[in-house]
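Below is work09.cif, holding mmCIF, C-alpha atoms.
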```
data_upload
loop_
_atom_site.label_atom_id
_atom_site.label_comp_id
_atom_site.auth_asym_id
_atom_site.auth_seq_id
_atom_site.Cartn_x
_atom_site.Cartn_y
_atom_site.Cartn_z
CA MET X 1 -34.93 0.39 19.08
CA HIS X 2 -35.36 -3.35 19.43
CA SER X 3 -35.48 -6.09 22.06
CA ARG X 4 -33.61 -9.33 22.47
CA ALA X 5 -36.68 -10.68 24.29
CA LEU X 6 -39.02 -10.18 21.35
CA PRO X 7 -38.91 -13.90 20.37
CA LEU X 8 -40.54 -14.65 23.76
CA LEU X 9 -43.43 -12.28 23.19
CA PRO X 10 -45.52 -14.63 20.97
CA ILE X 11 -45.18 -17.35 23.63
CA VAL X 12 -46.38 -15.00 26.38
CA LEU X 13 -49.30 -13.75 24.29
CA GLY X 14 -50.17 -17.32 23.37
CA LEU X 15 -50.31 -18.35 27.03
CA VAL X 16 -52.55 -15.40 27.95
CA LEU X 17 -54.84 -16.03 24.98
CA ALA X 18 -55.03 -19.76 25.78
CA GLY X 19 -55.99 -18.99 29.37
CA LEU X 20 -58.70 -16.58 28.32
CA LEU X 21 -60.17 -18.94 25.74
CA ALA X 22 -60.07 -21.94 28.09
CA ARG X 23 -61.17 -19.81 31.05
CA ARG X 24 -58.34 -21.31 33.08
CA ALA X 25 -55.89 -19.39 35.29
CA GLU X 26 -52.89 -21.71 34.93
CA PRO X 27 -51.66 -20.44 31.51
CA ILE X 28 -52.02 -16.86 32.69
CA TRP X 29 -50.04 -17.59 35.86
CA MET X 30 -47.34 -19.15 33.70
CA ALA X 31 -47.17 -15.96 31.61
CA LEU X 32 -46.93 -13.60 34.61
CA PRO X 33 -43.12 -13.98 35.17
CA PHE X 34 -42.55 -13.14 31.53
CA LEU X 35 -44.88 -10.16 31.72
CA ALA X 36 -43.05 -8.94 34.82
CA TYR X 37 -39.73 -9.36 33.01
CA PHE X 38 -40.99 -7.29 30.08
CA GLY X 39 -42.51 -4.65 32.29
CA LEU X 40 -39.45 -4.24 34.49
CA GLY X 41 -37.22 -3.99 31.45
CA ILE X 42 -39.41 -1.37 29.81
CA LEU X 43 -39.61 0.72 32.98
CA GLN X 44 -35.82 0.66 33.42
CA SER X 45 -34.93 1.18 29.76
CA PRO X 46 -33.28 4.52 28.96
CA SER X 47 -35.30 7.00 26.95
CA ALA X 48 -34.05 7.06 23.36
CA GLY X 49 -34.40 10.83 23.21
CA LYS X 50 -32.23 11.32 26.30
CA LEU X 51 -29.29 9.18 25.21
CA ARG X 52 -26.18 11.36 24.88
CA PHE X 53 -22.77 9.85 24.20
CA HIS X 54 -19.42 11.15 23.04
CA ALA X 55 -16.87 8.71 21.63
CA THR X 56 -13.19 9.11 20.79
CA ARG X 57 -10.78 6.77 19.02
CA ALA X 58 -6.98 6.75 19.04
CA VAL X 59 -4.91 4.38 16.88
CA GLU X 60 -1.24 4.04 17.79
CA LYS X 61 1.37 2.27 15.69
CA ILE X 62 3.40 -0.33 17.58
CA ASP X 63 5.43 -1.95 14.77
CA ALA X 64 5.63 -2.18 11.00
CA GLY X 65 2.44 -4.22 10.76
CA GLY X 66 0.35 -3.56 13.82
CA GLY X 67 -1.31 -1.03 16.08
CA ILE X 68 -3.36 -0.45 19.21
CA VAL X 69 -6.92 0.86 19.03
CA ARG X 70 -8.22 2.74 22.09
CA ILE X 71 -11.88 3.77 22.23
CA ALA X 72 -13.62 5.76 24.97
CA ALA X 73 -17.39 6.41 25.12
CA CYS X 74 -18.68 8.90 27.70
CA ASN X 75 -22.29 8.99 28.96
CA ARG X 76 -23.36 12.61 28.74
CA GLY X 77 -27.03 11.92 29.49
CA GLY X 78 -28.72 12.06 32.87
CA GLU X 79 -29.61 8.37 33.20
CA THR X 80 -27.67 5.25 34.04
CA VAL X 81 -27.19 3.21 30.87
CA HIS X 82 -25.96 -0.29 30.20
CA LEU X 83 -23.74 0.03 27.14
CA ARG X 84 -22.20 -2.58 24.84
CA LEU X 85 -19.39 -1.25 22.62
CA THR X 86 -18.44 -3.26 19.53
CA ASP X 87 -15.69 -2.46 17.02
CA PRO X 88 -15.35 -5.26 14.42
CA LEU X 89 -11.98 -5.88 12.80
CA GLN X 90 -11.67 -4.64 9.25
CA PRO X 91 -10.75 -7.02 6.39
CA GLY X 92 -7.04 -7.77 6.51
CA MET X 93 -6.74 -7.31 10.29
CA ARG X 94 -5.97 -10.03 12.84
CA LEU X 95 -6.66 -9.68 16.54
CA ALA X 96 -3.44 -10.02 18.53
CA GLU X 97 -4.51 -9.03 22.03
CA GLY X 98 -7.59 -7.70 23.83
CA GLN X 99 -11.23 -7.81 22.77
CA THR X 100 -13.32 -5.96 20.21
CA GLN X 101 -16.36 -5.81 22.50
CA THR X 102 -17.00 -4.63 26.06
CA LEU X 103 -19.96 -4.20 28.43
CA ALA X 104 -20.33 -1.44 31.02
CA ALA X 105 -22.94 0.20 33.24
CA LEU X 106 -22.42 3.95 32.95
CA ARG X 107 -23.74 6.60 35.27
CA ALA X 108 -23.89 10.17 34.05
CA GLY X 109 -20.37 11.37 33.20
CA GLU X 110 -18.72 7.92 33.30
CA GLU X 111 -16.74 6.34 30.44
CA ALA X 112 -16.56 2.90 28.88
CA ARG X 113 -13.21 1.96 27.40
CA LEU X 114 -12.31 -0.57 24.73
CA GLU X 115 -8.75 -1.46 23.75
CA TYR X 116 -7.28 -4.10 21.47
CA THR X 117 -4.12 -4.78 19.48
CA PHE X 118 -4.23 -5.88 15.85
CA HIS X 119 -1.78 -7.03 13.20
CA SER X 120 -2.23 -6.61 9.47
CA GLY X 121 -0.46 -6.65 6.15
CA ARG X 122 0.00 -3.66 3.87
CA GLY X 123 -3.15 -1.58 3.67
CA SER X 124 -5.02 1.61 4.48
CA PHE X 125 -7.69 1.45 7.18
CA THR X 126 -10.39 4.00 7.98
CA TRP X 127 -12.86 4.10 10.85
CA GLU X 128 -15.87 6.42 10.91
CA SER X 129 -17.81 5.29 13.98
CA VAL X 130 -18.08 2.73 16.76
CA ARG X 131 -21.19 0.59 17.29
CA ALA X 132 -22.88 1.05 20.67
CA VAL X 133 -25.99 -0.67 22.06
CA ALA X 134 -27.71 1.00 25.04
CA SER X 135 -30.15 -1.11 27.05
CA ASP X 136 -31.84 -1.65 30.40
CA PRO X 137 -30.11 -3.94 32.95
CA LEU X 138 -32.14 -6.96 31.75
CA GLY X 139 -31.48 -6.31 28.07
CA VAL X 140 -35.16 -6.20 27.22
CA VAL X 141 -35.09 -2.98 25.22
CA GLU X 142 -32.00 -2.11 23.19
CA THR X 143 -31.16 1.01 21.22
CA GLU X 144 -28.41 0.75 18.63
CA LEU X 145 -26.22 3.80 18.04
CA HIS X 146 -23.29 4.53 15.75
CA LEU X 147 -21.11 7.01 17.61
CA PRO X 148 -18.78 9.12 15.44
CA ALA X 149 -15.18 8.11 16.18
CA ALA X 150 -13.08 8.68 13.08
CA ALA X 151 -9.47 7.59 12.62
CA ARG X 152 -7.08 6.51 9.87
CA PHE X 153 -4.21 4.04 9.94
CA GLN X 154 -1.80 2.86 7.28
CA VAL X 155 0.49 -0.12 7.10
CA GLN X 156 3.11 0.78 4.53
CA PRO X 157 5.05 -1.69 2.39
CA GLU X 158 8.12 -3.17 3.99
CA LEU X 159 11.26 -1.27 2.98
CA LYS X 160 14.59 -2.91 2.29
CA LYS X 161 17.66 -0.71 2.15
CA PHE X 162 19.21 -1.19 -1.29
CA ARG X 163 22.74 -0.10 -2.02
CA PRO X 164 22.69 2.58 -4.75
CA PHE X 165 22.59 1.26 -8.33
CA PRO X 166 25.21 2.71 -10.70
CA ILE X 167 22.75 3.91 -13.34
CA ARG X 168 24.02 6.24 -16.08
CA PRO X 169 21.00 7.23 -18.19
CA GLN X 170 21.64 9.08 -21.40
CA ARG X 171 19.65 12.11 -20.24
CA THR X 172 19.90 13.69 -16.79
CA LEU X 173 18.44 16.76 -15.11
CA HIS X 174 20.66 19.82 -14.90
CA THR X 175 20.82 19.74 -11.12
CA ALA X 176 23.86 18.78 -9.05
CA GLY X 177 23.72 15.14 -8.08
CA SER X 178 25.67 11.89 -8.14
CA ILE X 179 25.30 10.65 -11.74
CA PRO X 180 28.02 11.51 -14.29
CA ALA X 181 26.40 13.66 -16.98
CA ARG X 182 28.94 13.09 -19.82
CA MET X 183 29.68 16.79 -20.03
CA GLY X 184 32.23 19.11 -18.55
CA GLY X 185 31.43 21.03 -15.41
CA ARG X 186 31.74 20.69 -11.68
CA GLY X 187 32.53 17.19 -10.51
CA THR X 188 35.23 14.89 -9.21
CA ASP X 189 36.25 12.80 -12.27
CA PHE X 190 38.69 14.34 -14.76
CA TRP X 191 37.01 15.21 -18.07
CA GLY X 192 39.55 17.15 -20.11
CA VAL X 193 41.53 20.37 -20.60
CA ARG X 194 40.37 23.58 -22.26
CA GLU X 195 41.58 27.14 -22.61
CA TYR X 196 41.38 29.31 -19.56
CA HIS X 197 38.23 31.44 -19.26
CA PRO X 198 38.13 34.57 -17.11
CA GLY X 199 36.65 33.61 -13.76
CA ASP X 200 37.98 30.03 -13.70
CA PRO X 201 39.33 29.10 -10.23
CA LEU X 202 43.13 29.22 -10.09
CA ARG X 203 43.25 25.79 -8.46
CA ARG X 204 41.95 24.30 -11.74
CA LEU X 205 44.79 25.67 -13.86
CA ASP X 206 46.77 23.00 -15.68
CA TRP X 207 50.25 24.32 -14.91
CA ARG X 208 52.08 21.69 -16.95
CA ARG X 209 50.29 22.50 -20.18
CA THR X 210 50.49 26.21 -19.43
CA ALA X 211 54.28 25.88 -18.99
CA ARG X 212 54.56 24.18 -22.40
CA HIS X 213 52.62 27.00 -24.10
CA PRO X 214 54.01 30.39 -23.02
CA GLY X 215 51.44 33.15 -23.10
CA GLN X 216 48.44 30.78 -22.87
CA PHE X 217 46.60 29.38 -19.88
CA TYR X 218 44.66 26.13 -19.62
CA SER X 219 42.08 24.90 -17.12
CA LYS X 220 41.23 21.36 -16.10
CA GLU X 221 37.63 20.34 -16.57
CA PHE X 222 35.80 17.67 -14.60
CA GLU X 223 32.77 15.61 -15.52
CA GLN X 224 29.61 17.23 -14.27
CA GLU X 225 27.46 15.17 -11.91
CA GLU X 226 23.69 15.55 -12.08
CA ILE X 227 20.54 13.73 -10.99
CA ALA X 228 18.27 11.38 -12.88
CA GLU X 229 14.51 11.31 -13.21
CA ILE X 230 13.14 7.88 -12.40
CA GLY X 231 9.65 6.76 -13.38
CA LEU X 232 8.37 3.69 -11.50
CA ILE X 233 5.44 1.77 -13.02
CA LEU X 234 3.67 -0.77 -10.80
CA ASP X 235 1.40 -3.36 -12.40
CA ALA X 236 -1.70 -3.61 -10.14
CA ARG X 237 -3.96 -5.63 -12.43
CA GLN X 238 -5.82 -8.43 -10.72
CA LYS X 239 -4.99 -10.96 -13.43
CA THR X 240 -1.26 -10.68 -12.68
CA ASP X 241 -1.70 -11.01 -8.89
CA LEU X 242 -1.11 -14.72 -8.50
CA ARG X 243 -2.02 -15.77 -4.97
CA ALA X 244 -0.48 -18.52 -2.87
CA GLY X 245 -1.67 -18.47 0.72
CA GLU X 246 -2.41 -15.15 2.42
CA ASN X 247 -0.18 -13.01 0.20
CA GLY X 248 -0.08 -12.56 -3.53
CA LEU X 249 2.61 -11.77 -6.06
CA PHE X 250 1.54 -8.11 -6.02
CA GLU X 251 2.73 -7.73 -2.42
CA HIS X 252 6.28 -8.49 -3.50
CA SER X 253 6.05 -5.97 -6.34
CA ALA X 254 4.73 -3.27 -3.99
CA ARG X 255 7.60 -3.85 -1.54
CA ALA X 256 10.11 -3.72 -4.38
CA ALA X 257 8.62 -0.44 -5.65
CA ALA X 258 8.85 1.07 -2.16
CA SER X 259 12.47 -0.03 -1.72
CA LEU X 260 13.51 1.26 -5.15
CA ALA X 261 11.80 4.61 -4.54
CA GLU X 262 13.56 4.99 -1.18
CA MET X 263 16.96 4.18 -2.70
CA PHE X 264 16.62 6.57 -5.65
CA LEU X 265 15.30 9.39 -3.47
CA ARG X 266 18.13 8.83 -0.98
CA GLN X 267 20.52 9.42 -3.88
CA GLY X 268 18.87 12.78 -4.52
CA ASN X 269 17.10 11.75 -7.73
CA ARG X 270 13.61 12.81 -8.75
CA VAL X 271 11.08 9.96 -8.66
CA SER X 272 7.53 9.55 -9.96
CA LEU X 273 5.13 6.60 -9.58
CA LEU X 274 2.35 5.25 -11.81
CA ILE X 275 0.06 2.51 -10.46
CA PHE X 276 -1.74 0.69 -13.28
CA GLY X 277 -4.78 -1.20 -11.96
CA LYS X 278 -8.46 -0.40 -11.53
CA GLU X 279 -7.57 3.11 -12.59
CA ILE X 280 -4.38 5.03 -13.26
CA GLU X 281 -2.90 6.72 -10.22
CA PHE X 282 0.05 8.97 -10.98
CA LEU X 283 2.31 10.77 -8.52
CA PHE X 284 4.15 13.64 -10.15
CA PRO X 285 7.97 13.69 -9.85
CA GLY X 286 9.36 14.89 -6.55
CA TYR X 287 12.35 14.82 -4.25
CA GLY X 288 13.22 13.82 -0.71
CA LYS X 289 11.29 12.52 2.26
CA ASN X 290 8.02 14.20 1.34
CA GLN X 291 7.95 12.39 -1.99
CA LEU X 292 8.81 9.10 -0.29
CA HIS X 293 5.92 9.65 2.12
CA ARG X 294 3.54 10.27 -0.80
CA ILE X 295 4.77 7.15 -2.62
CA LEU X 296 4.42 4.93 0.46
CA HIS X 297 0.94 6.36 1.07
CA ALA X 298 -0.10 5.46 -2.48
CA LEU X 299 1.44 1.98 -2.25
CA SER X 300 -0.29 1.25 1.06
CA LYS X 301 -3.68 1.85 -0.59
CA ALA X 302 -2.99 -0.01 -3.83
CA VAL X 303 -5.13 -3.12 -4.32
CA PRO X 304 -5.11 -5.36 -7.42
CA VAL X 305 -8.49 -4.94 -9.13
CA MET X 306 -9.87 -6.13 -12.46
CA ASN X 307 -10.63 -3.45 -15.05
CA PRO X 308 -11.37 -4.56 -18.64
CA ASP X 309 -10.39 -1.10 -19.92
CA PHE X 310 -6.82 -1.61 -18.69
CA ASP X 311 -6.38 -5.23 -19.70
CA SER X 312 -2.90 -4.77 -21.22
CA LEU X 313 0.21 -2.78 -20.35
CA HIS X 314 0.02 -1.49 -23.92
CA PHE X 315 -2.50 1.10 -22.67
CA LEU X 316 -0.01 2.73 -20.29
CA PRO X 317 -0.02 6.54 -20.75
CA LEU X 318 3.69 7.12 -21.38
CA HIS X 319 3.12 10.83 -22.04
CA MET X 320 2.83 11.32 -18.27
CA PHE X 321 6.60 10.83 -17.96
CA SER X 322 9.06 13.47 -19.08
CA SER X 323 11.37 12.74 -22.01
CA ARG X 324 14.32 12.56 -19.58
CA SER X 325 12.81 9.75 -17.48
CA PHE X 326 14.43 6.39 -16.91
CA ILE X 327 11.46 3.96 -16.70
CA MET X 328 11.44 0.96 -14.34
CA ILE X 329 8.45 -1.39 -14.74
CA LEU X 330 7.46 -3.94 -12.11
CA SER X 331 5.16 -6.53 -13.67
CA PRO X 332 4.85 -10.34 -13.79
CA LEU X 333 3.72 -9.86 -17.44
CA ALA X 334 0.49 -11.15 -18.93
CA PRO X 335 0.21 -12.45 -22.50
CA GLY X 336 0.58 -9.61 -24.98
CA ASP X 337 2.20 -7.18 -22.53
CA TRP X 338 5.42 -7.14 -24.58
CA ARG X 339 3.72 -4.66 -26.98
CA LEU X 340 4.39 -1.87 -24.48
CA PHE X 341 8.15 -2.06 -24.93
CA PRO X 342 8.39 -1.12 -28.64
CA ARG X 343 6.44 1.99 -27.65
CA LEU X 344 9.00 2.74 -24.96
CA ARG X 345 11.81 2.46 -27.47
CA ALA X 346 9.93 4.52 -30.07
CA HIS X 347 9.56 7.35 -27.56
CA GLY X 348 13.25 7.12 -26.64
CA TYR X 349 12.82 6.05 -23.01
CA PRO X 350 15.61 3.99 -21.44
CA ALA X 351 13.82 1.25 -19.51
CA LEU X 352 14.26 -1.78 -17.30
CA LEU X 353 11.71 -4.51 -16.55
CA ILE X 354 11.61 -6.22 -13.15
CA SER X 355 9.36 -9.24 -13.60
CA PRO X 356 8.44 -11.37 -10.55
CA ASP X 357 8.32 -14.92 -11.85
CA PRO X 358 4.69 -16.13 -11.57
CA ILE X 359 5.53 -19.67 -12.68
CA ASP X 360 8.10 -20.21 -9.96
CA TYR X 361 5.73 -18.60 -7.44
CA ALA X 362 2.82 -20.88 -8.36
CA ARG X 363 4.84 -24.09 -8.64
CA ARG X 364 5.32 -24.28 -4.86
CA ALA X 365 1.56 -24.52 -4.28
CA LEU X 366 0.84 -27.02 -7.08
CA PRO X 367 1.02 -30.82 -6.86
CA ASP X 368 4.19 -32.44 -8.13
CA ASP X 369 2.78 -34.62 -10.90
CA ARG X 370 3.17 -35.09 -14.64
CA THR X 371 0.25 -32.83 -15.59
CA THR X 372 1.59 -29.97 -13.49
CA GLY X 373 5.07 -30.44 -14.92
CA LEU X 374 3.80 -30.30 -18.49
CA ALA X 375 1.69 -27.20 -17.81
CA THR X 376 4.66 -25.54 -16.12
CA ARG X 377 6.96 -26.19 -19.10
CA LEU X 378 4.38 -24.79 -21.54
CA ALA X 379 3.95 -21.66 -19.41
CA GLN X 380 7.73 -21.24 -19.20
CA ILE X 381 8.05 -21.44 -22.99
CA GLU X 382 5.36 -18.78 -23.45
CA ARG X 383 7.04 -16.56 -20.88
CA ARG X 384 10.49 -17.02 -22.46
CA LEU X 385 9.12 -16.05 -25.89
CA GLN X 386 7.59 -12.86 -24.50
CA ILE X 387 10.73 -11.89 -22.58
CA GLY X 388 12.83 -12.63 -25.67
CA LYS X 389 10.83 -10.07 -27.66
CA ILE X 390 11.61 -7.48 -24.96
CA THR X 391 15.33 -8.20 -24.70
CA GLN X 392 15.66 -7.94 -28.49
CA LEU X 393 14.84 -4.24 -28.02
CA TRP X 394 17.94 -3.82 -25.80
CA ILE X 395 15.72 -3.49 -22.74
CA PRO X 396 17.19 -5.40 -19.77
CA VAL X 397 14.86 -7.81 -17.96
CA VAL X 398 15.27 -8.98 -14.36
CA GLU X 399 13.52 -12.32 -13.92
CA TRP X 400 12.94 -12.27 -10.19
CA GLN X 401 12.17 -15.32 -8.11
CA VAL X 402 10.66 -13.47 -5.18
CA ASP X 403 12.40 -15.55 -2.51
CA ARG X 404 15.76 -14.18 -3.74
CA PRO X 405 17.21 -10.71 -2.95
CA LEU X 406 16.31 -8.24 -5.67
CA ASP X 407 19.04 -5.59 -5.55
CA PRO X 408 21.96 -7.81 -6.71
CA LEU X 409 19.88 -8.90 -9.72
CA VAL X 410 19.01 -5.32 -10.69
CA ARG X 411 22.58 -4.15 -10.18
CA ALA X 412 23.93 -6.91 -12.44
CA ALA X 413 21.29 -6.22 -15.11
CA ILE X 414 22.12 -2.50 -15.18
CA ARG X 415 25.86 -3.11 -15.20
CA ASN X 416 25.64 -5.40 -18.22
CA SER X 417 22.96 -3.50 -20.07
CA HIS X 418 22.63 -0.91 -22.79
CA ILE X 419 21.73 1.66 -20.10
CA GLN X 420 25.37 1.79 -18.98
CA GLN X 421 26.78 1.75 -22.48
CA GLU X 422 24.65 4.44 -24.16
CA ARG X 423 26.48 7.54 -25.29
#
```

For the structure just supplied, provide its representation as C-alpha cells.
Amino acid sequence: MHSRALPLLPIVLGLVLAGLLARRAEPIWMALPFLAYFGLGILQSPSAGKLRFHATRAVEKIDAGGGIVRIAACNRGGETVHLRLTDPLQPGMRLAEGQTQTLAALRAGEEARLEYTFHSGRGSFTWESVRAVASDPLGVVETELHLPAAARFQVQPELKKFRPFPIRPQRTLHTAGSIPARMGGRGTDFWGVREYHPGDPLRRLDWRRTARHPGQFYSKEFEQEEIAEIGLILDARQKTDLRAGENGLFEHSARAAASLAEMFLRQGNRVSLLIFGKEIEFLFPGYGKNQLHRILHALSKAVPVMNPDFDSLHFLPLHMFSSRSFIMILSPLAPGDWRLFPRLRAHGYPALLISPDPIDYARRALPDDRTTGLATRLAQIERRLQIGKITQLWIPVVEWQVDRPLDPLVRAAIRNSHIQQER
C-alpha cells in the first residue's frame, strides 16, 4: 500500500510544526486543506483485506505478426473501488491500436476492460498477470495488485512455399515416398526385367521377352520410391547474428529453416531440427503437420545468444542424426567453422550448406568510403578461403544474399552437386 500524496506530507507536517513553534494560526490554517484531503482519502480508501478481483486475459491472432489482447477484471469485493489496469508491452511488441492502461470506478460485481492491438516480429510471448492499482477516488491511498491472468502467444517465422527440390540422397528410408531409391520395387520409372516370381501381378509381365523364351516368364521391375530423412541445423550463435536495423541475419535463417521444413514435410519426408545457440535444442525426426507445428514452435522461441562453450560449429553433436540423414546447415559461418565439414564427410553424411552472406548484409549499412571498401575485400577473401575448404570436400554451398529468393539457388546447387550424382 502506498500513496501518491506522500510527497506532500512533509510540507503539511512542516506547516503544522511551524505554526506550533511560532504560536501562529496562519501556517496551521494553510495546512488544513491538505489535512482534509488526506483524511477524506483515507476514509474512502478500500480496505486492503477486502479487495477481491478476478482477471481474465484472451489473446487472439489477427495476422501473421499481430494480435489483440483483451483483459477483464471483475470486482468481487463489497466496496466501490477505483481501479487502474496496466499491461505493459513486452520486448519486441509495438502498439498498433488501443491503450495499455485504463481507469474505472467499479461497484461490486462490475468489470473493467482493457483491449489493445499489437504487432511484433517472430517470438514467443508469455503473460502471467496484469498490474492493477486500487485506490480511493482522490488517489490518496493506493494498493498495487498483480492479478493472475496467464496467456501465451507465438509469432511463427514467415513461411514461403518452395517448390520441391529434386534431392536423391544415397540412403533413403524404406517407406513409400517420392524419392527414387535406386533399387527395384514399386514405382513409376522402369528399372529392369527379371524372372517371374510366383505372386507377381500379371500386368507386370513382359510379354515380348516371354514370347522370345518359350517356357519362361519375365516380369518388369520399376524403381522403388522412398522417403528421405532430412536433418536441419540452424546456427543461433550471437556472433553470427549480424544486425542491420530492427532485424538481424538470424531472422532470415529462421525463415529459411521454416520454409525448408514445410517443403520437405509436404513431400512426405521425415525431418529433424537442431538449433545450435545458447544450448542445443533437438527435435527428433517426425512426419506431417504435427512435426511442422513442433518445428515452428521451436523456431519462434529461438533467440541468438552467446555461449562460450558452443563457440564453433565444430562442437555440433552429429551423433544425434541417423546415418541415413541428409544434413542441411544454415549458417553465415564464423572463422574456423569449416572444421565441421570434414567431420560430416568422415561420418558419411551427405550435406549442403546454406550460408547467408554477412558481408553483403553489412555493406548496406556501412559508409561508402575507402576504409570500408578495403575491410570488405579482406572479409570477402577470408570468407572465400573458408568456403573453398568446404567445397573441396564435395559439399555444395549456397552463398545467399538474403534479398534474393532462396529456393532457385538451392535447387541449382543440388542439381549440379555430388548429392545428385552419388551412386

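Nearest residue to Ile233 of chain X, choosing from X:Arg163, X:Leu299, X:Gln216, X:Asp87 and counting only C-alpha atoms: X:Leu299.
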
List the spatial neighbours of segment 116-133 of chain X as a compact mmCIF listing (two decimals) with C-alpha atoms, in the frame of the given file - criterion: any atom at most 8 Å away, only C-alpha atoms, same-chain residues fewer than 3 positions off excluded.
```txt
# COMPACT_ATOMS: atom_id res chain seq x y z
CA ALA X 55 -16.87 8.71 21.63
CA GLY X 65 2.44 -4.22 10.76
CA GLY X 66 0.35 -3.56 13.82
CA GLY X 67 -1.31 -1.03 16.08
CA ILE X 68 -3.36 -0.45 19.21
CA VAL X 69 -6.92 0.86 19.03
CA ARG X 70 -8.22 2.74 22.09
CA LEU X 83 -23.74 0.03 27.14
CA ARG X 84 -22.20 -2.58 24.84
CA LEU X 85 -19.39 -1.25 22.62
CA THR X 86 -18.44 -3.26 19.53
CA ASP X 87 -15.69 -2.46 17.02
CA GLN X 90 -11.67 -4.64 9.25
CA GLY X 92 -7.04 -7.77 6.51
CA MET X 93 -6.74 -7.31 10.29
CA ARG X 94 -5.97 -10.03 12.84
CA LEU X 95 -6.66 -9.68 16.54
CA ALA X 96 -3.44 -10.02 18.53
CA GLU X 97 -4.51 -9.03 22.03
CA GLY X 98 -7.59 -7.70 23.83
CA GLN X 99 -11.23 -7.81 22.77
CA THR X 100 -13.32 -5.96 20.21
CA GLU X 142 -32.00 -2.11 23.19
CA THR X 143 -31.16 1.01 21.22
CA GLU X 144 -28.41 0.75 18.63
CA LEU X 145 -26.22 3.80 18.04
CA HIS X 146 -23.29 4.53 15.75
CA LEU X 147 -21.11 7.01 17.61
CA PRO X 148 -18.78 9.12 15.44
CA ALA X 149 -15.18 8.11 16.18
CA ALA X 150 -13.08 8.68 13.08
CA ALA X 151 -9.47 7.59 12.62
CA ARG X 152 -7.08 6.51 9.87
CA PHE X 153 -4.21 4.04 9.94
CA GLN X 154 -1.80 2.86 7.28
CA VAL X 155 0.49 -0.12 7.10
CA GLN X 156 3.11 0.78 4.53
CA PRO X 157 5.05 -1.69 2.39
CA GLU X 251 2.73 -7.73 -2.42
CA SER X 300 -0.29 1.25 1.06
CA LYS X 301 -3.68 1.85 -0.59
CA ALA X 302 -2.99 -0.01 -3.83
```

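Between Arg363 of chain X and the candidates X:Gln401, X:Thr391, X:Ser312, X:Ser331, the tightest atom-to-atom separation, counting all atoms listed in the file, involves X:Gln401.
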
### Summary
As a check of understanding: the span from atom CA of Glu279 of chain X to atom CA of Phe341 of chain X is 20.6 Å

### Query
Excluding same-chain residues fewer than 2 positions from segment 289-294 of chain X, what lies within 8 Å of it counting all atoms listed in the file, as a count of residues only?
11

### Message
Using all atoms listed in the file, can you tell me which of X:Leu232, X:Ala73, X:Ala244, X:Ile329 comes closest to Asp360 of chain X?
### Response
X:Ala244

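Picture a line from atom CA of Phe310 of chain X to atom CA of Ile275 of chain X; it runs 11.5 Å.
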
### Task
Would you kindly return, as a count of residues only, each protein, DNA or RNA residue with an atom no farther than 10 Å from any atom of Leu51 of chain X, considering all atoms listed in the file and excluding same-chain residues fewer than 4 positions away?
12

### Query
Counting only C-alpha atoms, what is within 9 Å of Trp338 of chain X, bar same-chain residues fewer than 6 positions away, as a ChimeraX atom specification?
/X:313-314,386-387,389-390

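Atom CA of Asp337 of chain X lies 16.9 Å from atom CA of Pro304 of chain X.
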
### Task
For segment 394-399 of chain X, please output as a VMD selection string all residues within 7 Å (counting all atoms listed in the file; exclusion window: fewer than 3 positions along the same chain).
chain X and resid 351 to 357 390 to 391 409 to 410 413 417 to 418

Rebuild N, CA and C atoms on segment 53-64 of chain X, as an mmCIF file, keeping the file's coordinate frame?
```cif
data_model
loop_
_atom_site.group_PDB
_atom_site.id
_atom_site.type_symbol
_atom_site.label_atom_id
_atom_site.label_comp_id
_atom_site.auth_asym_id
_atom_site.auth_seq_id
_atom_site.Cartn_x
_atom_site.Cartn_y
_atom_site.Cartn_z
ATOM 1 N N PHE X 53 -24.093 10.461 24.060
ATOM 2 C CA PHE X 53 -22.770 9.850 24.200
ATOM 3 C C PHE X 53 -21.760 10.613 23.352
ATOM 4 N N HIS X 54 -20.531 10.597 23.814
ATOM 5 C CA HIS X 54 -19.420 11.150 23.040
ATOM 6 C C HIS X 54 -18.314 10.109 23.000
ATOM 7 N N ALA X 55 -17.883 9.759 21.791
ATOM 8 C CA ALA X 55 -16.870 8.710 21.630
ATOM 9 C C ALA X 55 -15.614 9.285 20.990
ATOM 10 N N THR X 56 -14.478 8.757 21.393
ATOM 11 C CA THR X 56 -13.190 9.110 20.790
ATOM 12 C C THR X 56 -12.444 7.822 20.455
ATOM 13 N N ARG X 57 -11.593 7.915 19.437
ATOM 14 C CA ARG X 57 -10.780 6.770 19.020
ATOM 15 C C ARG X 57 -9.352 7.242 18.788
ATOM 16 N N ALA X 58 -8.400 6.491 19.288
ATOM 17 C CA ALA X 58 -6.980 6.750 19.040
ATOM 18 C C ALA X 58 -6.351 5.459 18.536
ATOM 19 N N VAL X 59 -5.604 5.545 17.449
ATOM 20 C CA VAL X 59 -4.910 4.380 16.880
ATOM 21 C C VAL X 59 -3.419 4.679 16.927
ATOM 22 N N GLU X 60 -2.685 3.825 17.605
ATOM 23 C CA GLU X 60 -1.240 4.040 17.790
ATOM 24 C C GLU X 60 -0.466 2.900 17.138
ATOM 25 N N LYS X 61 0.530 3.260 16.359
ATOM 26 C CA LYS X 61 1.370 2.270 15.690
ATOM 27 C C LYS X 61 2.338 1.658 16.688
ATOM 28 N N ILE X 62 2.477 0.329 16.673
ATOM 29 C CA ILE X 62 3.400 -0.330 17.580
ATOM 30 C C ILE X 62 4.558 -1.007 16.848
ATOM 31 N N ASP X 63 4.350 -1.378 15.575
ATOM 32 C CA ASP X 63 5.430 -1.950 14.770
ATOM 33 C C ASP X 63 5.063 -1.765 13.315
ATOM 34 N N ALA X 64 5.848 -2.396 12.432
ATOM 35 C CA ALA X 64 5.630 -2.180 11.000
ATOM 36 C C ALA X 64 4.282 -2.691 10.524
#
```
